[in-house]
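Novice: File run_35.cif below, mmCIF, N, CA and C atoms:
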data_coords
loop_
_atom_site.label_atom_id
_atom_site.label_comp_id
_atom_site.auth_asym_id
_atom_site.auth_seq_id
_atom_site.Cartn_x
_atom_site.Cartn_y
_atom_site.Cartn_z
N MET P 26 0.84 -1.17 0.00
CA MET P 26 0.00 0.00 0.00
C MET P 26 0.88 1.23 0.00
N GLU P 27 0.40 2.23 -0.69
CA GLU P 27 1.14 3.48 -0.71
C GLU P 27 0.16 4.64 -0.68
N TYR P 28 0.70 5.83 -0.40
CA TYR P 28 -0.13 7.01 -0.34
C TYR P 28 0.58 8.18 -1.00
N THR P 29 -0.20 9.19 -1.38
CA THR P 29 0.36 10.41 -1.96
C THR P 29 -0.27 11.61 -1.27
N VAL P 30 0.42 12.73 -1.36
CA VAL P 30 -0.10 14.01 -0.90
C VAL P 30 -0.15 14.89 -2.13
N GLU P 31 -1.33 15.41 -2.44
CA GLU P 31 -1.52 16.20 -3.65
C GLU P 31 -2.28 17.47 -3.31
N TYR P 32 -2.17 18.46 -4.21
CA TYR P 32 -2.96 19.67 -4.04
C TYR P 32 -3.75 19.93 -5.31
N GLY P 33 -4.87 20.61 -5.12
CA GLY P 33 -5.75 20.88 -6.25
C GLY P 33 -5.61 22.30 -6.74
N PRO P 34 -6.41 22.66 -7.71
CA PRO P 34 -6.35 24.00 -8.29
C PRO P 34 -6.86 25.05 -7.30
N ALA P 35 -6.44 26.30 -7.52
CA ALA P 35 -6.94 27.39 -6.69
C ALA P 35 -8.42 27.59 -6.96
N GLY P 36 -9.11 28.12 -5.99
CA GLY P 36 -10.54 28.36 -6.16
C GLY P 36 -11.35 27.16 -5.72
N ASN P 37 -12.62 27.25 -5.95
CA ASN P 37 -13.51 26.18 -5.52
C ASN P 37 -13.51 25.05 -6.53
N LEU P 38 -13.27 23.88 -6.05
CA LEU P 38 -13.31 22.68 -6.88
C LEU P 38 -14.45 21.82 -6.36
N PRO P 39 -15.55 21.76 -7.09
CA PRO P 39 -16.64 20.92 -6.62
C PRO P 39 -16.26 19.45 -6.73
N LEU P 40 -16.37 18.75 -5.63
CA LEU P 40 -16.06 17.33 -5.63
C LEU P 40 -17.32 16.54 -5.93
N PRO P 41 -17.22 15.57 -6.81
CA PRO P 41 -18.41 14.79 -7.15
C PRO P 41 -18.79 13.86 -6.01
N ASP P 42 -20.06 13.48 -5.98
CA ASP P 42 -20.49 12.46 -5.03
C ASP P 42 -19.78 11.17 -5.38
N MET P 43 -19.37 10.46 -4.36
CA MET P 43 -18.70 9.18 -4.58
C MET P 43 -19.77 8.10 -4.57
N PRO P 44 -20.04 7.50 -5.71
CA PRO P 44 -21.11 6.49 -5.75
C PRO P 44 -20.68 5.22 -5.04
N GLU P 45 -21.68 4.52 -4.52
CA GLU P 45 -21.41 3.22 -3.92
C GLU P 45 -21.06 2.26 -5.03
N ARG P 46 -20.16 1.33 -4.68
CA ARG P 46 -19.80 0.34 -5.68
C ARG P 46 -20.92 -0.69 -5.79
N THR P 47 -21.46 -0.80 -6.97
CA THR P 47 -22.53 -1.75 -7.23
C THR P 47 -22.18 -2.50 -8.51
N GLN P 48 -23.03 -3.41 -8.87
CA GLN P 48 -22.84 -4.14 -10.12
C GLN P 48 -23.28 -3.23 -11.26
N ASN P 49 -22.32 -2.62 -11.93
CA ASN P 49 -22.61 -1.74 -13.05
C ASN P 49 -22.24 -2.42 -14.36
N SER P 50 -22.81 -1.91 -15.42
CA SER P 50 -22.44 -2.41 -16.73
C SER P 50 -21.03 -1.91 -17.05
N LEU P 51 -20.40 -2.47 -18.04
CA LEU P 51 -19.06 -2.03 -18.43
C LEU P 51 -19.06 -0.56 -18.83
N ALA P 52 -20.10 -0.13 -19.51
CA ALA P 52 -20.19 1.27 -19.94
C ALA P 52 -20.29 2.19 -18.72
N GLU P 53 -21.09 1.79 -17.73
CA GLU P 53 -21.23 2.60 -16.51
C GLU P 53 -19.92 2.64 -15.73
N GLU P 54 -19.24 1.51 -15.65
CA GLU P 54 -17.94 1.47 -14.95
C GLU P 54 -16.92 2.35 -15.67
N LYS P 55 -16.92 2.31 -17.00
CA LYS P 55 -15.98 3.16 -17.76
C LYS P 55 -16.30 4.64 -17.55
N ALA P 56 -17.59 4.99 -17.53
CA ALA P 56 -17.98 6.38 -17.30
C ALA P 56 -17.53 6.85 -15.91
N GLU P 57 -17.68 6.01 -14.90
CA GLU P 57 -17.24 6.36 -13.54
C GLU P 57 -15.72 6.49 -13.50
N ALA P 58 -15.01 5.58 -14.16
CA ALA P 58 -13.54 5.64 -14.19
C ALA P 58 -13.07 6.91 -14.90
N ASP P 59 -13.74 7.28 -15.98
CA ASP P 59 -13.39 8.51 -16.70
C ASP P 59 -13.62 9.74 -15.81
N LYS P 60 -14.72 9.73 -15.06
CA LYS P 60 -15.03 10.85 -14.18
C LYS P 60 -13.98 10.97 -13.07
N ARG P 61 -13.58 9.83 -12.49
CA ARG P 61 -12.52 9.83 -11.45
C ARG P 61 -11.20 10.30 -12.03
N ALA P 62 -10.87 9.85 -13.25
CA ALA P 62 -9.61 10.24 -13.89
C ALA P 62 -9.59 11.74 -14.16
N ALA P 63 -10.73 12.30 -14.60
CA ALA P 63 -10.80 13.75 -14.86
C ALA P 63 -10.58 14.53 -13.56
N LEU P 64 -11.14 14.06 -12.47
CA LEU P 64 -10.93 14.71 -11.18
C LEU P 64 -9.47 14.57 -10.75
N ASP P 65 -8.92 13.38 -10.87
CA ASP P 65 -7.53 13.12 -10.46
C ASP P 65 -6.54 14.00 -11.23
N ARG P 66 -6.83 14.29 -12.50
CA ARG P 66 -5.92 15.12 -13.31
C ARG P 66 -5.85 16.56 -12.80
N GLN P 67 -6.81 16.98 -12.00
CA GLN P 67 -6.81 18.34 -11.48
C GLN P 67 -5.90 18.50 -10.26
N PHE P 68 -5.35 17.38 -9.77
CA PHE P 68 -4.49 17.41 -8.60
C PHE P 68 -3.04 17.17 -9.00
N THR P 69 -2.13 17.80 -8.25
CA THR P 69 -0.70 17.69 -8.51
C THR P 69 -0.02 17.23 -7.24
N LYS P 70 0.94 16.31 -7.39
CA LYS P 70 1.67 15.85 -6.21
C LYS P 70 2.45 16.99 -5.60
N VAL P 71 2.48 17.03 -4.28
CA VAL P 71 3.27 18.03 -3.56
C VAL P 71 4.74 17.74 -3.84
N GLU P 72 5.46 18.77 -4.24
CA GLU P 72 6.85 18.63 -4.71
C GLU P 72 7.73 17.85 -3.73
N GLU P 73 7.61 18.16 -2.44
CA GLU P 73 8.45 17.48 -1.45
C GLU P 73 8.17 15.98 -1.38
N PHE P 74 7.00 15.55 -1.81
CA PHE P 74 6.63 14.15 -1.75
C PHE P 74 6.73 13.45 -3.10
N GLU P 75 7.03 14.21 -4.14
CA GLU P 75 6.96 13.70 -5.51
C GLU P 75 7.95 12.58 -5.81
N ASP P 76 9.20 12.73 -5.38
CA ASP P 76 10.24 11.78 -5.75
C ASP P 76 10.34 10.58 -4.82
N ILE P 77 9.62 10.63 -3.74
CA ILE P 77 9.70 9.54 -2.76
C ILE P 77 8.46 8.68 -2.89
N LYS P 78 8.66 7.38 -2.95
CA LYS P 78 7.53 6.47 -2.98
C LYS P 78 7.13 6.21 -1.53
N HIS P 79 5.95 6.65 -1.15
CA HIS P 79 5.50 6.53 0.22
C HIS P 79 4.71 5.24 0.38
N GLU P 80 5.35 4.29 1.00
CA GLU P 80 4.71 3.00 1.22
C GLU P 80 4.47 2.80 2.70
N ILE P 81 3.44 2.06 3.00
CA ILE P 81 3.15 1.69 4.37
C ILE P 81 3.81 0.34 4.61
N SER P 82 4.37 0.16 5.79
CA SER P 82 5.06 -1.08 6.13
C SER P 82 4.21 -2.30 5.77
N GLU P 83 4.89 -3.36 5.35
CA GLU P 83 4.19 -4.60 5.01
C GLU P 83 3.43 -5.17 6.20
N ASP P 84 3.86 -4.84 7.41
CA ASP P 84 3.24 -5.35 8.62
C ASP P 84 1.94 -4.63 8.97
N VAL P 85 1.69 -3.50 8.31
CA VAL P 85 0.52 -2.68 8.60
C VAL P 85 -0.41 -2.69 7.38
N SER P 86 -1.69 -2.87 7.64
CA SER P 86 -2.69 -2.82 6.58
C SER P 86 -3.71 -1.74 6.88
N ILE P 87 -4.13 -1.03 5.86
CA ILE P 87 -5.27 -0.14 6.00
C ILE P 87 -6.47 -1.01 5.64
N ILE P 88 -7.33 -1.24 6.62
CA ILE P 88 -8.44 -2.16 6.39
C ILE P 88 -9.76 -1.44 6.13
N GLY P 89 -9.79 -0.13 6.38
CA GLY P 89 -11.01 0.62 6.10
C GLY P 89 -10.78 2.11 6.15
N VAL P 90 -11.52 2.83 5.31
CA VAL P 90 -11.49 4.29 5.30
C VAL P 90 -12.93 4.76 5.15
N ALA P 91 -13.28 5.76 5.96
CA ALA P 91 -14.60 6.37 5.85
C ALA P 91 -14.42 7.88 5.82
N THR P 92 -15.25 8.54 5.06
CA THR P 92 -15.25 10.00 5.04
C THR P 92 -16.68 10.48 5.16
N THR P 93 -16.83 11.73 5.50
CA THR P 93 -18.18 12.28 5.60
C THR P 93 -18.86 12.37 4.24
N SER P 94 -18.10 12.27 3.16
CA SER P 94 -18.70 12.33 1.83
C SER P 94 -19.08 10.95 1.29
N GLN P 95 -18.76 9.90 2.03
CA GLN P 95 -19.09 8.54 1.61
C GLN P 95 -20.31 8.04 2.37
N LYS P 96 -21.00 7.12 1.77
CA LYS P 96 -22.16 6.53 2.42
C LYS P 96 -21.81 5.24 3.17
N LYS P 97 -20.62 4.69 2.92
CA LYS P 97 -20.25 3.45 3.60
C LYS P 97 -18.74 3.35 3.75
N LEU P 98 -18.32 2.40 4.53
CA LEU P 98 -16.90 2.16 4.79
C LEU P 98 -16.23 1.58 3.55
N ILE P 99 -15.13 2.19 3.13
CA ILE P 99 -14.39 1.72 1.96
C ILE P 99 -13.36 0.70 2.45
N GLN P 100 -13.44 -0.52 1.96
CA GLN P 100 -12.54 -1.57 2.40
C GLN P 100 -11.60 -2.06 1.31
N GLU P 101 -11.76 -1.54 0.11
CA GLU P 101 -10.86 -1.92 -0.97
C GLU P 101 -10.81 -0.80 -2.00
N GLY P 102 -9.79 -0.80 -2.82
CA GLY P 102 -9.65 0.22 -3.85
C GLY P 102 -9.03 1.49 -3.29
N GLU P 103 -9.34 2.61 -3.92
CA GLU P 103 -8.78 3.90 -3.53
C GLU P 103 -9.74 4.66 -2.65
N ALA P 104 -9.18 5.48 -1.77
CA ALA P 104 -9.97 6.35 -0.91
C ALA P 104 -9.24 7.68 -0.80
N SER P 105 -9.98 8.76 -0.61
CA SER P 105 -9.38 10.09 -0.52
C SER P 105 -9.97 10.85 0.65
N LEU P 106 -9.12 11.60 1.33
CA LEU P 106 -9.54 12.57 2.32
C LEU P 106 -9.12 13.93 1.80
N TYR P 107 -10.01 14.91 1.85
CA TYR P 107 -9.71 16.22 1.30
C TYR P 107 -9.52 17.24 2.42
N PHE P 108 -8.46 18.03 2.28
CA PHE P 108 -8.16 19.15 3.16
C PHE P 108 -8.15 20.39 2.27
N TYR P 109 -8.82 21.45 2.71
CA TYR P 109 -9.01 22.62 1.87
C TYR P 109 -8.13 23.78 2.34
N PRO P 110 -7.79 24.70 1.43
CA PRO P 110 -6.92 25.83 1.79
C PRO P 110 -7.49 26.70 2.92
N THR P 111 -8.80 26.68 3.08
CA THR P 111 -9.44 27.47 4.13
C THR P 111 -9.23 26.87 5.51
N GLY P 112 -8.66 25.66 5.57
CA GLY P 112 -8.49 24.97 6.84
C GLY P 112 -9.56 23.93 7.08
N GLU P 113 -10.60 23.96 6.27
CA GLU P 113 -11.65 22.95 6.41
C GLU P 113 -11.13 21.62 5.89
N LYS P 114 -11.78 20.57 6.28
CA LYS P 114 -11.39 19.24 5.81
C LYS P 114 -12.58 18.30 5.94
N ASP P 115 -12.51 17.24 5.18
CA ASP P 115 -13.52 16.18 5.33
C ASP P 115 -13.29 15.49 6.65
N GLY P 116 -14.37 15.13 7.30
CA GLY P 116 -14.24 14.24 8.45
C GLY P 116 -13.80 12.89 7.93
N GLY P 117 -12.96 12.21 8.65
CA GLY P 117 -12.48 10.93 8.15
C GLY P 117 -12.13 9.96 9.25
N LEU P 118 -12.09 8.72 8.87
CA LEU P 118 -11.71 7.63 9.76
C LEU P 118 -10.84 6.68 8.95
N ILE P 119 -9.63 6.44 9.42
CA ILE P 119 -8.73 5.49 8.75
C ILE P 119 -8.43 4.39 9.76
N ILE P 120 -8.70 3.16 9.37
CA ILE P 120 -8.51 2.03 10.28
C ILE P 120 -7.35 1.18 9.79
N PHE P 121 -6.37 0.97 10.67
CA PHE P 121 -5.17 0.21 10.39
C PHE P 121 -5.19 -1.07 11.22
N SER P 122 -4.40 -2.06 10.78
CA SER P 122 -4.25 -3.25 11.61
C SER P 122 -2.88 -3.90 11.39
N THR P 123 -2.47 -4.62 12.40
CA THR P 123 -1.34 -5.54 12.32
C THR P 123 -1.88 -6.86 12.87
N VAL P 124 -1.04 -7.85 12.97
CA VAL P 124 -1.51 -9.12 13.54
C VAL P 124 -1.73 -9.01 15.04
N GLU P 125 -1.22 -7.94 15.67
CA GLU P 125 -1.32 -7.81 17.11
C GLU P 125 -2.28 -6.71 17.58
N GLU P 126 -2.55 -5.72 16.72
CA GLU P 126 -3.40 -4.62 17.16
C GLU P 126 -4.20 -4.01 16.02
N ILE P 127 -5.19 -3.24 16.43
CA ILE P 127 -5.98 -2.45 15.49
C ILE P 127 -5.83 -1.00 15.94
N ALA P 128 -5.76 -0.11 15.01
CA ALA P 128 -5.61 1.31 15.32
C ALA P 128 -6.49 2.10 14.37
N TYR P 129 -6.93 3.25 14.84
CA TYR P 129 -7.68 4.10 13.95
C TYR P 129 -7.37 5.55 14.22
N LEU P 130 -7.45 6.31 13.15
CA LEU P 130 -7.16 7.73 13.16
C LEU P 130 -8.45 8.44 12.75
N GLU P 131 -8.92 9.32 13.63
CA GLU P 131 -10.13 10.09 13.35
C GLU P 131 -9.72 11.53 13.02
N VAL P 132 -10.21 12.02 11.91
CA VAL P 132 -9.97 13.40 11.50
C VAL P 132 -11.28 14.16 11.71
N ALA P 133 -11.25 15.15 12.60
CA ALA P 133 -12.45 15.94 12.89
C ALA P 133 -12.63 16.98 11.79
N PRO P 134 -13.85 17.12 11.24
CA PRO P 134 -14.04 18.02 10.10
C PRO P 134 -13.90 19.52 10.42
N PHE P 135 -14.28 19.96 11.60
CA PHE P 135 -14.27 21.39 11.88
C PHE P 135 -13.32 21.79 13.01
N LEU P 136 -12.54 20.86 13.47
CA LEU P 136 -11.61 21.12 14.56
C LEU P 136 -10.18 20.90 14.10
N SER P 137 -9.25 21.53 14.76
CA SER P 137 -7.84 21.35 14.41
C SER P 137 -7.27 20.20 15.23
N GLU P 138 -7.84 19.05 15.06
CA GLU P 138 -7.36 17.91 15.83
C GLU P 138 -7.61 16.60 15.10
N THR P 139 -6.80 15.66 15.45
CA THR P 139 -7.00 14.28 15.03
C THR P 139 -6.87 13.44 16.30
N ASN P 140 -7.55 12.34 16.32
CA ASN P 140 -7.47 11.43 17.46
C ASN P 140 -6.99 10.08 16.95
N SER P 141 -6.06 9.49 17.67
CA SER P 141 -5.62 8.15 17.29
C SER P 141 -5.81 7.22 18.47
N VAL P 142 -6.20 6.01 18.16
CA VAL P 142 -6.46 4.99 19.17
C VAL P 142 -5.77 3.71 18.74
N PHE P 143 -5.07 3.08 19.66
CA PHE P 143 -4.42 1.80 19.42
C PHE P 143 -4.98 0.80 20.41
N GLU P 144 -5.42 -0.35 19.91
CA GLU P 144 -6.00 -1.38 20.78
C GLU P 144 -5.37 -2.72 20.46
N PRO P 145 -4.94 -3.45 21.48
CA PRO P 145 -4.47 -4.82 21.20
C PRO P 145 -5.65 -5.67 20.75
N LEU P 146 -5.40 -6.58 19.85
CA LEU P 146 -6.46 -7.47 19.38
C LEU P 146 -6.71 -8.55 20.42
N LYS P 147 -7.95 -8.75 20.71
CA LYS P 147 -8.34 -9.81 21.64
C LYS P 147 -8.64 -11.04 20.81
N THR P 148 -7.67 -11.91 20.70
CA THR P 148 -7.85 -13.11 19.88
C THR P 148 -8.27 -14.28 20.75
N SER P 149 -9.00 -15.15 20.15
CA SER P 149 -9.37 -16.39 20.83
C SER P 149 -8.99 -17.54 19.91
N GLY P 150 -8.96 -18.72 20.45
CA GLY P 150 -8.57 -19.87 19.65
C GLY P 150 -9.59 -20.23 18.59
N VAL P 151 -10.81 -19.71 18.71
CA VAL P 151 -11.89 -20.11 17.82
C VAL P 151 -12.00 -19.19 16.59
N ALA P 152 -12.04 -17.89 16.83
CA ALA P 152 -12.30 -16.94 15.75
C ALA P 152 -11.04 -16.69 14.93
N LYS P 153 -11.24 -16.48 13.63
CA LYS P 153 -10.13 -16.13 12.74
C LYS P 153 -9.80 -14.65 12.91
N LEU P 154 -8.55 -14.30 12.65
CA LEU P 154 -8.09 -12.93 12.76
C LEU P 154 -8.93 -12.00 11.87
N GLU P 155 -9.24 -12.43 10.66
CA GLU P 155 -10.02 -11.60 9.74
C GLU P 155 -11.40 -11.28 10.32
N ASP P 156 -12.02 -12.28 10.97
CA ASP P 156 -13.34 -12.07 11.56
C ASP P 156 -13.28 -11.10 12.74
N ILE P 157 -12.25 -11.23 13.55
CA ILE P 157 -12.06 -10.34 14.70
C ILE P 157 -11.86 -8.91 14.21
N LEU P 158 -11.02 -8.74 13.19
CA LEU P 158 -10.77 -7.41 12.63
C LEU P 158 -12.05 -6.82 12.04
N GLN P 159 -12.78 -7.60 11.29
CA GLN P 159 -14.01 -7.12 10.66
C GLN P 159 -15.02 -6.69 11.71
N THR P 160 -15.18 -7.48 12.75
CA THR P 160 -16.13 -7.15 13.81
C THR P 160 -15.74 -5.85 14.50
N ARG P 161 -14.47 -5.72 14.86
CA ARG P 161 -14.03 -4.50 15.56
C ARG P 161 -14.10 -3.29 14.64
N MET P 162 -13.75 -3.47 13.37
CA MET P 162 -13.81 -2.37 12.40
C MET P 162 -15.26 -1.89 12.26
N ASP P 163 -16.21 -2.80 12.17
CA ASP P 163 -17.62 -2.43 12.07
C ASP P 163 -18.07 -1.65 13.30
N GLU P 164 -17.62 -2.08 14.49
CA GLU P 164 -17.97 -1.38 15.73
C GLU P 164 -17.41 0.04 15.74
N VAL P 165 -16.15 0.18 15.36
CA VAL P 165 -15.50 1.51 15.33
C VAL P 165 -16.21 2.41 14.33
N TYR P 166 -16.53 1.89 13.18
CA TYR P 166 -17.22 2.66 12.15
C TYR P 166 -18.58 3.14 12.64
N LYS P 167 -19.36 2.25 13.26
CA LYS P 167 -20.68 2.63 13.76
C LYS P 167 -20.56 3.71 14.84
N GLN P 168 -19.58 3.60 15.71
CA GLN P 168 -19.35 4.61 16.75
C GLN P 168 -19.00 5.95 16.09
N TRP P 169 -18.17 5.91 15.07
CA TRP P 169 -17.76 7.13 14.37
C TRP P 169 -18.96 7.79 13.70
N LEU P 170 -19.82 6.99 13.07
CA LEU P 170 -21.01 7.53 12.41
C LEU P 170 -21.96 8.22 13.40
N ALA P 171 -22.03 7.67 14.61
CA ALA P 171 -22.95 8.18 15.62
C ALA P 171 -22.50 9.54 16.18
N ARG P 172 -21.28 9.94 15.94
CA ARG P 172 -20.78 11.23 16.48
C ARG P 172 -21.24 12.39 15.67
#
Take the structure in the file and give it back as structure tokens.
Specialist:
Amino acid sequence: MEYTVEYGPAGNLPLPDMPERTQNSLAEEKAEADKRAALDRQFTKVEEFEDIKHEISEDVSIIGVATTSQKKLIQEGEASLYFYPTGEKDGGLIIFSTVEEIAYLEVAPFLSETNSVFEPLKTSGVAKLEDILQTRMDEVYKQWLAR
């Protein structure tokens, strides 16, 4: 997994609604991909980050991302959090995991703060690690939505 830091054009850039992933026809999928590509072309990598490939350690996985502009937790593919020149930002939740712990980073939309939480995984001999992670991720997401 890797990440980038990019900036957009000056002025107001209307961000499109992010549709839920559903079973679309090939034409609909191509239209959505074209729309995402057109939006992506409006952003430029931050110069200081351009030459460095920013990868997340192999031991750490991003297992979910949620934003205030999404209707559900993103568990695969690409996800974006937007920060605006005015200081505003999308509310966001990024959930990480290792084999020993789960962690999440909450980005508050109107405050100058982020909160991070690290929790050891409570494993049992019966449940699989994936099931434990999924259950805890769903709980964290529901708590975040309720705020």
Novice: Give me, please, the distance in Å between atom CA of Val90 of chain P and atom CA of Glu138 of chain P, quoted to one decimal.
Specialist: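 Straight-line distance from atom CA of Val90 of chain P to atom CA of Glu138 of chain P works out to 17.7 Å.
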Novice: Measuring between only C-alpha atoms, which one of P:Ala133, P:Val124, P:Leu118, P:Ile88 shows the shortest distance to Gln159 of chain P?
Specialist: P:Ile88
Novice: Work out how far atom N of Thr123 of chain P is from atom CA of Phe143 of chain P, in Å to one decimal.
Specialist: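 These two atoms are separated by 9.7 Å.
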Novice: Of the candidates P:Val142, P:Ala104, P:Ile87, P:Ala171, which one gets nearest to Tyr129 of chain P if we count only N, CA and C atoms?
Specialist: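 With only N, CA and C atoms as the atom set, the closest residue is P:Val142.
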Novice: Considering only N, CA and C atoms, can you say which of P:Glu103, P:Lys114, P:Ile119, P:Thr160 comes closest to Ala91 of chain P?
Specialist: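 Counting only N, CA and C atoms, the residue closest to Ala91 of chain P is P:Ile119.
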Novice: For a quick check of understanding, using only N, CA and C atoms, which of P:Ser137, P:Thr92, P:Gln100, P:Asn49 has the smallest distance to Asp115 of chain P?
Specialist: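 Ranking P:Ser137, P:Thr92, P:Gln100, P:Asn49 by distance to Asp115 of chain P, first place goes to P:Thr92.
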Novice: To one decimal place in Å, what is the distance between atom CA of Thr139 of chain P and atom C of Phe68 of chain P?
Specialist: 24.5 Å
